[in-house]
Amino acid sequence: MNNAVGEAQTIVLLGGNSEIGVAVVKAALQPFTRTVVLACRHVAKGQQVAATLQREGLTVDVVEFDGADTASHQRVIDSIAERHGDLDLVVVAFGALGDAEVTRVDIAAAVELAHVNFTGAVSSIVATCNRLRSQGHGALVVLSSVAGERVRAANPVYGATKAGLDGFCQGYGDWLVGQGVRMLVVRPGFVRTAMTQGMKAAPFATTPEKVAEVTVKALRGTRRTVWAPPILQVVFSVLRHVPGPVWRRLPLG
Ligand SMILES: NC(=O)c1ccc[n+]([C@@H]2O[C@H](COP(=O)([O-])OP(=O)(O)OC[C@H]3O[C@@H](n4cnc5c(N)ncnc54)[C@H](OP(=O)(O)O)[C@@H]3O)[C@@H](O)[C@H]2O)c1
């Protein structure tokens with residue numbers, strides 16, 4: 001249960017090893033926070049991440065979670081709540097970039113990426129919000145991407161999953177208004193993490209810590225969608241309207 005100034009007592013990270021997700025959790029930690037749950041597909045790796053979060057009075061639990069296994073999502077969310085009580089903040093950070101060279105031509109690879117990033121994300125968000133709505137409170141942070149704002153030839157399947165997820169969150173977030181549940185959509189640009197390792201940084205590249213700073217600041221306010229860094233909102237308000245022939249030539253990384 002959040003305290004009187006909105007600090008989360010229990011925080012859940014779906015995609016418990018995500019560098020951006022972990023940075024958001026660290027930035028959201030308050031003296032009042034009692035429990036962090038890292039829900040991840042590689043539990044041993046999650047235990048290592050858990051060690052970086054340990055502090056006096058904080059329980060860090062690591063549970064198995066597969067974003068692709070949609071049939072398990074409600075059970076995983078409910079069992080976390082049964083074990084730790086009301087969920088105050090849930091961060092949905094799992095996802096993959098995929099190999100565009102492969103997903104542009106290989107049906108199975110394209111479907112697998114779309115399934116995890118879109119279907120799995122939608123499923124876990126619905127499962128989470130079923131729980132938050134029954135509690136009557138709670139906040140959800142969803143990692144979208146600028147890649148979904150205007151999908152690029154560089155990685156069309158990934159971009160489309162983020163466009164779809166973002167669109168779902170906008171409508172679903174509207175539906176949640178008045179039900180005690182807050183949805184915050186975060187649209188980062190290029191972030192230096194394991195996901196982008198070895199790639200040439202795009203303009204306005206940032207760090208997980210900076211994304212976390214923007215996210216936690218937004219959670220204290222009333223915004224429903226934020227960009228990280230914030231300048232990308234202005235940049236993309238122009239880029240989304242640039243004619244196709246120009247768009248295709250832009251050096252966006
Ligand atoms: N990095 C960027 O430039 C960037 C920009 C915009 C948006 N984002 C989005 O931000 C989110 C976090 O990305 P990140 O940069 O923090 O990358 P990351 O460190 O690679 O984290 C992604 C996490 O997703 C997990 N994951 C992948 N498939 C999964 C599945 N089927 N079930 C459960 N977990 C799964 C991975 O687990 P394992 O550890 O087990 O592999 C990994 O921990 C993603 O949704 C990403 O699309 C990233």
# chains A, B, ... in the order shown; residues from 1 in each chain; ligands from 1
>>> residues_near_ligand(ligand="ligand 1", cutoff="6 Å", atoms="only C-alpha atoms and all ligand atoms", output="PyMOL selection string")
chain A and resi 15-21+40-42+65-68+93-96+116+143-145+188-196
>>> closest_atom_pairs(of="stretch 175-225 of chain A", to="stretch 230-250 of chain A", cutoff="10 Å", atoms="only C-alpha atoms", output="tab-separated table")
residue	atom	partner	partner_atom	distance
A:Arg187	CA	A:Leu232	CA	8.8
A:Pro188	CA	A:Leu232	CA	8.3
A:Gly189	CA	A:Leu232	CA	7.3
A:Pro203	CA	A:Leu232	CA	9.6
A:Phe204	CA	A:Leu232	CA	7.7
A:Val211	CA	A:Pro230	CA	9.5
A:Val214	CA	A:Pro230	CA	7.9
>>> closest_residue(among="A:Ala154, A:Ala109, A:Lys210, A:Thr215", to="A:Ala28", atoms="only C-alpha atoms")
A:Thr215
>>> select_by_dssp(residues="stretch 14-82 of chain A", states="strand (DSSP E or B)", output="VMD selection string")
chain A and resid 14 35 to 40 59 to 64
>>> closest_residue(among="A:Leu165, A:Leu132, A:Ala27, A:Ala202", to="A:Ala218", atoms="only C-alpha atoms")
A:Ala27
>>> residues_around(residues="A:Ser134", least_positions_apart="2", cutoff="10 Å", atoms="only C-alpha atoms", output="list of chain:residue names")
A:Asp86, A:Cys129, A:Asn130, A:Arg131, A:Leu132, A:Gly136, A:His137, A:Gly138, A:Gln179, A:Gly180, A:Val181
>>> select_by_dssp(residues="stretch 45-226 of chain A", states="helix (DSSP H, G or I)", output="ChimeraX atom specification")
/A:45-53,70-84,100-103,107-135,146-148,156-176,194-196,208-220
>>> atom_distance(atom1="atom CA of A:Met199", atom2="atom CA of A:Ala147")
15.0 Å
>>> closest_residue(among="A:Val76, A:Val151, A:Val90, A:Leu252", to="A:Gln9", atoms="only C-alpha atoms")
A:Val90
